[in-house]
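Just below is one structure, and these are the notes that go with it.
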Amino acid sequence: MLSPVDIIPPAAVLSAALGPALAAGARSVGAACEHAGETRPSDREVPPAMPYSAPDRLADLPYAELLRPHTGRLRSDERYDTAHFDGGAYVDQSAAGATFLECAFTGVEFSGVKLRQARFTEVWAHSGRWVACDLSDSEWQDSAFIGGVLAGIAAHGSALRRVVFRGCKLEAVNLRAAVLRDVVFEDCLLRDVDFGDAKLTEVSFPGSTLEEVRLRGATLSKSDLRGAARLGLPDGHLGLRGAVISSTQLLELAPQFAHALGITVQDR
């Protein structure tokens, strides 16, 4: 005897066998295919998205000519304005509560740096490594990470608005209870990233691979998963309410939906 959801029949058979139940179940657990479900009042209050255009080159930054080289250690509650952090490593330093305005980070390594409650506005980071850093309750706006690595990051309770991650690797990143709005993960690898209890509004993942990405308890509004190269969601359907997925992705997630509905799928 095969256990539940051991074998998934071909798409045509699945559609015929599970069509009505799966459609009803998808609505009940909140997975939306081409359009999100019901519109909540909070959704109506959200203004149209204003995507941030992130350049790939330092020279293309609007404030590039104003940048000044930064030297010395990081300091808590400091204000960094048009500072260029170029190369070098910052290890076990603290810039908690600091403000970074129109700053650039190129080839920088942050290891064990405390950036709790720091504010980043119009910040551009390229080819850097952020490892075991505390970014909890930090705020990011109109900023970009290009081709970098973020690993072992505590960013719970953080707020990201109009932020672009392009060609980045995010591994073991804690974004629980974070608020993301107009955020793009483009051609990224997200592995063991936790969005539990987070709020994602108009977040997209074009070309990105999601592995062990958790959405349990998350609130998604007009967030688009269709462009993702792979959806590895260990929580299955949980947290997908308000998301937009493709019909192919729906079939890939069918075992989780069937299991949630208590349906046993097996061939004779």
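Labels for the structure tokens follow display order: chains A, B, ..., residues from 1 in each chain, ligands from 1.
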Surrounding residues of Val131 in chain A excluding itself and chain neighbours under 5 positions, 7 Å, only C-alpha atoms, as number ranges by chain: A: 110-112, 150-153
Same residues, C-alpha atoms, output as a short mmCIF file (atom, residue, chain, number, x, y, z; two decimals), in the first residue's frame:
```cif
data_model
loop_
_atom_site.label_atom_id
_atom_site.label_comp_id
_atom_site.auth_asym_id
_atom_site.auth_seq_id
_atom_site.Cartn_x
_atom_site.Cartn_y
_atom_site.Cartn_z
CA PHE A 110 31.31 42.52 7.48
CA SER A 111 31.80 39.70 9.98
CA GLY A 112 29.97 39.69 13.29
CA LEU A 150 24.57 37.36 3.13
CA ALA A 151 24.98 34.40 5.49
CA GLY A 152 23.91 33.81 9.07
CA ILE A 153 22.14 37.18 9.20
#
```
Shell of 6 Å around Trp124 in chain A, only C-alpha atoms, local chain residues under 2 positions omitted, as a PyMOL selection string: chain A and resi 104+143-144
Export all heavy atoms of the chosen residues as a PDB file, in the first residue's frame?
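And here's result25.pdb as it stands now:
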```pdb
ATOM      1  N   ALA A 104      28.207  53.796  -0.332  1.00  0.00           N
ATOM      2  CA  ALA A 104      28.503  52.666  -1.204  1.00  0.00           C
ATOM      3  C   ALA A 104      29.461  51.721  -0.490  1.00  0.00           C
ATOM      4  O   ALA A 104      30.398  52.156   0.195  1.00  0.00           O
ATOM      5  CB  ALA A 104      29.110  53.141  -2.517  1.00  0.00           C
ATOM      6  N   SER A 143      17.634  50.950  -1.756  1.00  0.00           N
ATOM      7  CA  SER A 143      18.985  50.404  -1.637  1.00  0.00           C
ATOM      8  C   SER A 143      19.127  49.138  -2.467  1.00  0.00           C
ATOM      9  O   SER A 143      18.135  48.574  -2.936  1.00  0.00           O
ATOM     10  CB  SER A 143      19.322  50.132  -0.169  1.00  0.00           C
ATOM     11  OG  SER A 143      19.297  51.329   0.592  1.00  0.00           O
ATOM     12  N   ALA A 144      20.379  48.695  -2.643  1.00  0.00           N
ATOM     13  CA  ALA A 144      20.619  47.528  -3.492  1.00  0.00           C
ATOM     14  C   ALA A 144      21.814  46.722  -3.005  1.00  0.00           C
ATOM     15  O   ALA A 144      22.806  47.276  -2.524  1.00  0.00           O
ATOM     16  CB  ALA A 144      20.848  47.972  -4.935  1.00  0.00           C
TER      17      ALA A 144
END
```
Please report, as a Markdown table, each residue of range 148-171 of chain A lying at most 12 Å from range 175-179 of chain A, together with the nearest pair of atoms and the separation in Å rounded to one decimal; use only C-alpha atoms, and order rows by chain and ascending residue number.
```
| residue | atom | partner | partner_atom | distance |
| --- | --- | --- | --- | --- |
| A:Gly152 | CA | A:Leu175 | CA | 11.0 |
| A:Ile153 | CA | A:Leu175 | CA | 8.6 |
| A:Ala154 | CA | A:Leu175 | CA | 7.1 |
| A:Ala155 | CA | A:Leu175 | CA | 5.1 |
| A:His156 | CA | A:Leu175 | CA | 4.5 |
| A:Gly157 | CA | A:Ala178 | CA | 4.3 |
| A:Ser158 | CA | A:Ala178 | CA | 4.8 |
| A:Ala159 | CA | A:Val179 | CA | 4.7 |
| A:Leu160 | CA | A:Val179 | CA | 6.2 |
| A:Arg161 | CA | A:Val179 | CA | 8.1 |
| A:Arg162 | CA | A:Val179 | CA | 11.3 |
| A:Val163 | CA | A:Val179 | CA | 11.6 |
| A:Leu170 | CA | A:Leu175 | CA | 11.1 |
| A:Glu171 | CA | A:Leu175 | CA | 11.4 |
```
Using all heavy atoms, can you export the residues from the last selection as an mmCIF file, in the first residue's frame?
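Result saved to out.cif:
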```cif
data_model
loop_
_atom_site.group_PDB
_atom_site.id
_atom_site.type_symbol
_atom_site.label_atom_id
_atom_site.label_comp_id
_atom_site.auth_asym_id
_atom_site.auth_seq_id
_atom_site.Cartn_x
_atom_site.Cartn_y
_atom_site.Cartn_z
ATOM 1 N N GLY A 152 24.032 33.770 7.619
ATOM 2 C CA GLY A 152 23.906 33.814 9.071
ATOM 3 C C GLY A 152 23.489 35.174 9.582
ATOM 4 O O GLY A 152 23.986 35.645 10.607
ATOM 5 N N ILE A 153 22.552 35.804 8.878
ATOM 6 C CA ILE A 153 22.140 37.176 9.201
ATOM 7 C C ILE A 153 20.882 37.177 10.070
ATOM 8 O O ILE A 153 19.901 36.507 9.758
ATOM 9 C CB ILE A 153 21.876 37.979 7.918
ATOM 10 C CG1 ILE A 153 23.129 38.052 7.048
ATOM 11 C CG2 ILE A 153 21.370 39.378 8.261
ATOM 12 C CD1 ILE A 153 24.279 38.771 7.677
ATOM 13 N N ALA A 154 20.910 37.943 11.141
ATOM 14 C CA ALA A 154 19.720 38.173 11.955
ATOM 15 C C ALA A 154 19.114 39.503 11.520
ATOM 16 O O ALA A 154 19.672 40.561 11.801
ATOM 17 C CB ALA A 154 20.080 38.216 13.434
ATOM 18 N N ALA A 155 18.008 39.439 10.797
ATOM 19 C CA ALA A 155 17.355 40.656 10.306
ATOM 20 C C ALA A 155 15.882 40.664 10.686
ATOM 21 O O ALA A 155 15.059 41.286 10.012
ATOM 22 C CB ALA A 155 17.516 40.778 8.796
ATOM 23 N N HIS A 156 15.531 39.970 11.774
ATOM 24 C CA HIS A 156 14.133 39.923 12.183
ATOM 25 C C HIS A 156 13.654 41.322 12.594
ATOM 26 O O HIS A 156 14.412 42.120 13.148
ATOM 27 C CB HIS A 156 13.943 38.933 13.343
ATOM 28 C CG HIS A 156 14.880 39.154 14.493
ATOM 29 N ND1 HIS A 156 16.145 38.596 14.530
ATOM 30 C CD2 HIS A 156 14.749 39.873 15.630
ATOM 31 C CE1 HIS A 156 16.745 38.959 15.647
ATOM 32 N NE2 HIS A 156 15.929 39.737 16.326
ATOM 33 N N GLY A 157 12.408 41.594 12.265
ATOM 34 C CA GLY A 157 11.828 42.880 12.603
ATOM 35 C C GLY A 157 12.322 44.037 11.767
ATOM 36 O O GLY A 157 11.993 45.194 12.039
ATOM 37 N N SER A 158 13.091 43.754 10.728
ATOM 38 C CA SER A 158 13.620 44.824 9.882
ATOM 39 C C SER A 158 12.559 45.296 8.890
ATOM 40 O O SER A 158 11.552 44.619 8.664
ATOM 41 C CB SER A 158 14.868 44.366 9.136
ATOM 42 O OG SER A 158 14.590 43.214 8.362
ATOM 43 N N ALA A 159 12.797 46.459 8.293
ATOM 44 C CA ALA A 159 11.862 47.018 7.312
ATOM 45 C C ALA A 159 12.627 47.324 6.038
ATOM 46 O O ALA A 159 13.616 48.062 6.069
ATOM 47 C CB ALA A 159 11.206 48.283 7.859
ATOM 48 N N LEU A 160 12.178 46.750 4.913
ATOM 49 C CA LEU A 160 12.831 46.954 3.625
ATOM 50 C C LEU A 160 11.813 47.530 2.652
ATOM 51 O O LEU A 160 10.751 46.922 2.422
ATOM 52 C CB LEU A 160 13.382 45.645 3.068
ATOM 53 C CG LEU A 160 14.602 45.013 3.755
ATOM 54 C CD1 LEU A 160 14.190 44.321 5.054
ATOM 55 C CD2 LEU A 160 15.270 43.987 2.851
ATOM 56 N N ARG A 161 12.129 48.681 2.084
ATOM 57 C CA ARG A 161 11.224 49.324 1.132
ATOM 58 C C ARG A 161 12.016 49.722 -0.109
ATOM 59 O O ARG A 161 13.025 50.421 -0.006
ATOM 60 C CB ARG A 161 10.565 50.561 1.767
ATOM 61 C CG ARG A 161 9.618 51.321 0.840
ATOM 62 C CD ARG A 161 9.024 52.511 1.565
ATOM 63 N NE ARG A 161 8.256 53.367 0.691
ATOM 64 C CZ ARG A 161 6.977 53.175 0.369
ATOM 65 N NH1 ARG A 161 6.332 52.156 0.876
ATOM 66 N NH2 ARG A 161 6.357 54.009 -0.441
ATOM 67 N N ARG A 162 11.556 49.266 -1.257
ATOM 68 C CA ARG A 162 12.226 49.525 -2.536
ATOM 69 C C ARG A 162 13.697 49.109 -2.452
ATOM 70 O O ARG A 162 14.603 49.929 -2.618
ATOM 71 C CB ARG A 162 12.068 50.982 -2.955
ATOM 72 C CG ARG A 162 10.639 51.384 -3.250
ATOM 73 C CD ARG A 162 10.562 52.699 -4.014
ATOM 74 N NE ARG A 162 11.089 53.804 -3.249
ATOM 75 C CZ ARG A 162 10.369 54.552 -2.421
ATOM 76 N NH1 ARG A 162 9.084 54.285 -2.250
ATOM 77 N NH2 ARG A 162 10.919 55.552 -1.765
ATOM 78 N N VAL A 163 13.903 47.829 -2.211
ATOM 79 C CA VAL A 163 15.252 47.266 -2.113
ATOM 80 C C VAL A 163 15.407 46.187 -3.175
ATOM 81 O O VAL A 163 14.486 45.401 -3.415
ATOM 82 C CB VAL A 163 15.510 46.683 -0.711
ATOM 83 C CG1 VAL A 163 16.886 46.021 -0.638
ATOM 84 C CG2 VAL A 163 15.399 47.784 0.350
ATOM 85 N N LEU A 170 21.722 34.375 -0.445
ATOM 86 C CA LEU A 170 21.250 34.582 0.915
ATOM 87 C C LEU A 170 21.086 33.216 1.568
ATOM 88 O O LEU A 170 20.310 32.380 1.090
ATOM 89 C CB LEU A 170 19.914 35.332 0.936
ATOM 90 C CG LEU A 170 19.897 36.783 0.434
ATOM 91 C CD1 LEU A 170 19.778 36.841 -1.085
ATOM 92 C CD2 LEU A 170 18.738 37.557 1.061
ATOM 93 N N GLU A 171 21.825 32.984 2.633
ATOM 94 C CA GLU A 171 21.785 31.681 3.293
ATOM 95 C C GLU A 171 21.667 31.870 4.802
ATOM 96 O O GLU A 171 22.413 32.651 5.401
ATOM 97 C CB GLU A 171 23.035 30.866 2.960
ATOM 98 C CG GLU A 171 22.991 29.452 3.504
ATOM 99 C CD GLU A 171 23.970 28.525 2.827
ATOM 100 O OE1 GLU A 171 24.785 29.019 2.007
ATOM 101 O OE2 GLU A 171 23.940 27.328 3.099
#
```
Nearby residues (only C-alpha atoms) at most 10 Å from Ala229 in chain A, same-chain spacing under 4 positions excluded, as a list in words: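 Contacts, in chain order: Asp187, Cys188, Leu189, Phe205, Pro206, Gly207, Ser208, Thr209, Leu210, Leu225 and Gln249 of chain A.
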Could you write those residues out with all heavy atoms, as a short mmCIF file (atom, residue, chain, number, x, y, z; two decimals), in the first residue's frame?
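Done, and the output landed in result.cif:
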```cif
data_model
loop_
_atom_site.label_atom_id
_atom_site.label_comp_id
_atom_site.auth_asym_id
_atom_site.auth_seq_id
_atom_site.Cartn_x
_atom_site.Cartn_y
_atom_site.Cartn_z
N ASP A 187 17.51 36.87 -9.75
CA ASP A 187 18.60 35.92 -10.02
C ASP A 187 19.39 35.61 -8.75
O ASP A 187 20.62 35.57 -8.76
CB ASP A 187 19.53 36.44 -11.11
CG ASP A 187 18.81 36.64 -12.44
OD1 ASP A 187 17.90 35.85 -12.74
OD2 ASP A 187 19.15 37.59 -13.17
N CYS A 188 18.70 35.40 -7.67
CA CYS A 188 19.34 35.13 -6.38
C CYS A 188 19.13 33.67 -5.97
O CYS A 188 18.25 32.98 -6.48
CB CYS A 188 18.77 36.03 -5.29
SG CYS A 188 19.13 37.79 -5.49
N LEU A 189 19.96 33.23 -5.04
CA LEU A 189 19.75 31.95 -4.36
C LEU A 189 19.35 32.26 -2.93
O LEU A 189 20.11 32.89 -2.19
CB LEU A 189 21.02 31.10 -4.39
CG LEU A 189 21.00 29.85 -3.50
CD1 LEU A 189 19.90 28.88 -3.94
CD2 LEU A 189 22.36 29.15 -3.50
N PHE A 205 10.40 37.52 -7.22
CA PHE A 205 11.60 36.68 -7.20
C PHE A 205 12.00 36.25 -8.61
O PHE A 205 12.21 35.08 -8.87
CB PHE A 205 11.33 35.44 -6.34
CG PHE A 205 10.93 35.72 -4.93
CD1 PHE A 205 9.60 36.03 -4.60
CD2 PHE A 205 11.86 35.68 -3.90
CE1 PHE A 205 9.23 36.29 -3.28
CE2 PHE A 205 11.50 35.94 -2.59
CZ PHE A 205 10.19 36.25 -2.28
N PRO A 206 12.15 37.16 -9.56
CA PRO A 206 12.46 36.76 -10.95
C PRO A 206 13.81 36.05 -11.05
O PRO A 206 14.84 36.58 -10.63
CB PRO A 206 12.46 38.09 -11.71
CG PRO A 206 12.73 39.13 -10.67
CD PRO A 206 12.07 38.64 -9.43
N GLY A 207 13.77 34.84 -11.62
CA GLY A 207 14.99 34.08 -11.85
C GLY A 207 15.64 33.51 -10.61
O GLY A 207 16.74 32.95 -10.69
N SER A 208 15.02 33.64 -9.46
CA SER A 208 15.63 33.20 -8.21
C SER A 208 15.27 31.76 -7.86
O SER A 208 14.20 31.26 -8.23
CB SER A 208 15.24 34.12 -7.05
OG SER A 208 15.82 35.39 -7.21
N THR A 209 16.17 31.11 -7.14
CA THR A 209 15.95 29.76 -6.66
C THR A 209 15.69 29.81 -5.16
O THR A 209 16.50 30.36 -4.41
CB THR A 209 17.18 28.87 -6.94
OG1 THR A 209 17.37 28.78 -8.36
CG2 THR A 209 16.98 27.47 -6.37
N LEU A 210 14.55 29.24 -4.75
CA LEU A 210 14.18 29.22 -3.35
C LEU A 210 14.35 27.81 -2.81
O LEU A 210 13.72 26.87 -3.31
CB LEU A 210 12.74 29.69 -3.15
CG LEU A 210 12.46 31.20 -3.19
CD1 LEU A 210 12.80 31.79 -4.56
CD2 LEU A 210 11.01 31.49 -2.85
N LEU A 225 5.43 35.11 -7.30
CA LEU A 225 6.39 34.02 -7.27
C LEU A 225 6.55 33.35 -8.63
O LEU A 225 7.32 32.40 -8.77
CB LEU A 225 5.96 32.96 -6.25
CG LEU A 225 5.97 33.40 -4.78
CD1 LEU A 225 5.23 32.38 -3.92
CD2 LEU A 225 7.38 33.59 -4.28
N GLN A 249 3.61 25.87 -11.19
CA GLN A 249 3.98 25.85 -9.78
C GLN A 249 2.88 25.26 -8.92
O GLN A 249 3.16 24.57 -7.94
CB GLN A 249 4.31 27.27 -9.31
CG GLN A 249 5.60 27.82 -9.90
CD GLN A 249 5.78 29.30 -9.61
OE1 GLN A 249 4.81 30.07 -9.55
NE2 GLN A 249 7.03 29.72 -9.46
#
```
Test item: residues at most 10 Å from Asp81 in chain A, only C-alpha atoms, excluding those fewer than 2 positions along its chain, as a list in words: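 My reading of the contact set: Leu66, Leu67, Arg68, Glu78, Arg79, Ala83, His84, Thr99, Phe100, Leu101, Glu102, Cys103, Ala104 and Thr121 of chain A.
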Write a file of the just-selected residues containing C-alpha atoms, as a PDB file, in the first residue's frame.
```pdb
ATOM      1  CA  LEU A  66      30.170  62.953  -3.997  1.00  0.00           C
ATOM      2  CA  LEU A  67      31.522  59.778  -2.388  1.00  0.00           C
ATOM      3  CA  ARG A  68      34.450  60.118   0.001  1.00  0.00           C
ATOM      4  CA  GLU A  78      27.170  57.600  13.912  1.00  0.00           C
ATOM      5  CA  ARG A  79      25.931  59.311  10.745  1.00  0.00           C
ATOM      6  CA  ALA A  83      30.846  57.530   2.475  1.00  0.00           C
ATOM      7  CA  HIS A  84      32.572  54.918   0.303  1.00  0.00           C
ATOM      8  CA  THR A  99      22.589  56.103   9.780  1.00  0.00           C
ATOM      9  CA  PHE A 100      23.990  55.429   6.306  1.00  0.00           C
ATOM     10  CA  LEU A 101      22.845  57.919   3.677  1.00  0.00           C
ATOM     11  CA  GLU A 102      23.945  57.690   0.039  1.00  0.00           C
ATOM     12  CA  CYS A 103      26.787  55.331   0.886  1.00  0.00           C
ATOM     13  CA  ALA A 104      28.503  52.666  -1.204  1.00  0.00           C
ATOM     14  CA  THR A 121      18.881  55.038   2.746  1.00  0.00           C
TER      15      THR A 121
END
```
Option closest in space to Leu233 in chain A, from A:Pro62, A:Gly196, A:Gly262, A:Gly72 [counting only C-alpha atoms]: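 Counting only C-alpha atoms, the residue closest to Leu233 in chain A is A:Gly196.
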Shell of 7 Å around Asp194 in chain A, only C-alpha atoms, local chain residues under 3 positions omitted, as a ChimeraX atom specification: /A:173-176,213-215
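Of the listed residues (A:Ala198, A:Cys168, A:Ala118, A:Ala98), A:Ala198 comes nearest to Leu220 in chain A; the distances count only C-alpha atoms.
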Helix (DSSP H, G or I) residues, from DSSP on the backbone, in range 48-129 of chain A, as a ChimeraX atom specification: /A:58-60,64-66
Can you pull out the residues contacting Arg191 in chain A? Cut-off 6 Å, using only C-alpha atoms, and skip same-chain residues under 2 positions away; I want them as a PDB file with N, CA and C atoms, in the first residue's frame.
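Generated output (selection_22.pdb):
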```
ATOM      1  N   GLU A 171      21.825  32.984   2.633  1.00  0.00           N
ATOM      2  CA  GLU A 171      21.785  31.681   3.293  1.00  0.00           C
ATOM      3  C   GLU A 171      21.667  31.870   4.802  1.00  0.00           C
ATOM      4  N   VAL A 193      16.030  30.661   4.183  1.00  0.00           N
ATOM      5  CA  VAL A 193      15.605  32.020   4.516  1.00  0.00           C
ATOM      6  C   VAL A 193      14.240  31.942   5.180  1.00  0.00           C
ATOM      7  N   GLU A 211      15.215  27.659  -1.814  1.00  0.00           N
ATOM      8  CA  GLU A 211      15.440  26.370  -1.180  1.00  0.00           C
ATOM      9  C   GLU A 211      15.238  26.518   0.330  1.00  0.00           C
ATOM     10  N   GLU A 212      14.340  25.707   0.877  1.00  0.00           N
ATOM     11  CA  GLU A 212      14.058  25.764   2.317  1.00  0.00           C
ATOM     12  C   GLU A 212      13.675  27.177   2.749  1.00  0.00           C
TER      13      GLU A 212
END
```
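For the pair CA of Phe145 in chain A and CA of Phe185 in chain A, the separation is 9.6 Å.
In terms of minimum interatomic distance to Leu200 in chain A, A:Ser221 ranks closest within A:Ser136, A:Ser53, A:Ser221, A:Gln266, counting only C-alpha atoms.
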Top pick for closest residue to Gly167 in chain A, considering A:Ala96, A:Ala218, A:Val244, A:Ile146 and counting only C-alpha atoms: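 Checking each of A:Ala96, A:Ala218, A:Val244, A:Ile146 against Gly167 in chain A, counting only C-alpha atoms, the winner is A:Ile146.
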Picked from range 177-227 of chain A by DSSP as strand (DSSP E or B), as a list of chain:residue names: A:Val179, A:Leu180, A:Arg181, A:Asp182, A:Val183, A:Val184, A:Phe185, A:Glu186, A:Leu189, A:Leu190, A:Arg191, A:Asp192, A:Val193, A:Asp194, A:Lys199, A:Leu200, A:Thr201, A:Ser204, A:Thr209, A:Leu210, A:Glu211, A:Arg214, A:Thr219, A:Leu220, A:Ser221, A:Ser223, A:Asp224
Nearest candidate to Gly87 in chain A (options A:Val108, A:Ala125, A:Leu180, A:Ala54; using only C-alpha atoms): A:Val108
Minimum-distance residue to Arg166 in chain A, chosen among A:Leu61, A:Asp142, A:Ala243, A:His126 (using only C-alpha atoms):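 Between A:Leu61, A:Asp142, A:Ala243, A:His126, the residue approaching Arg166 in chain A most closely is A:His126.
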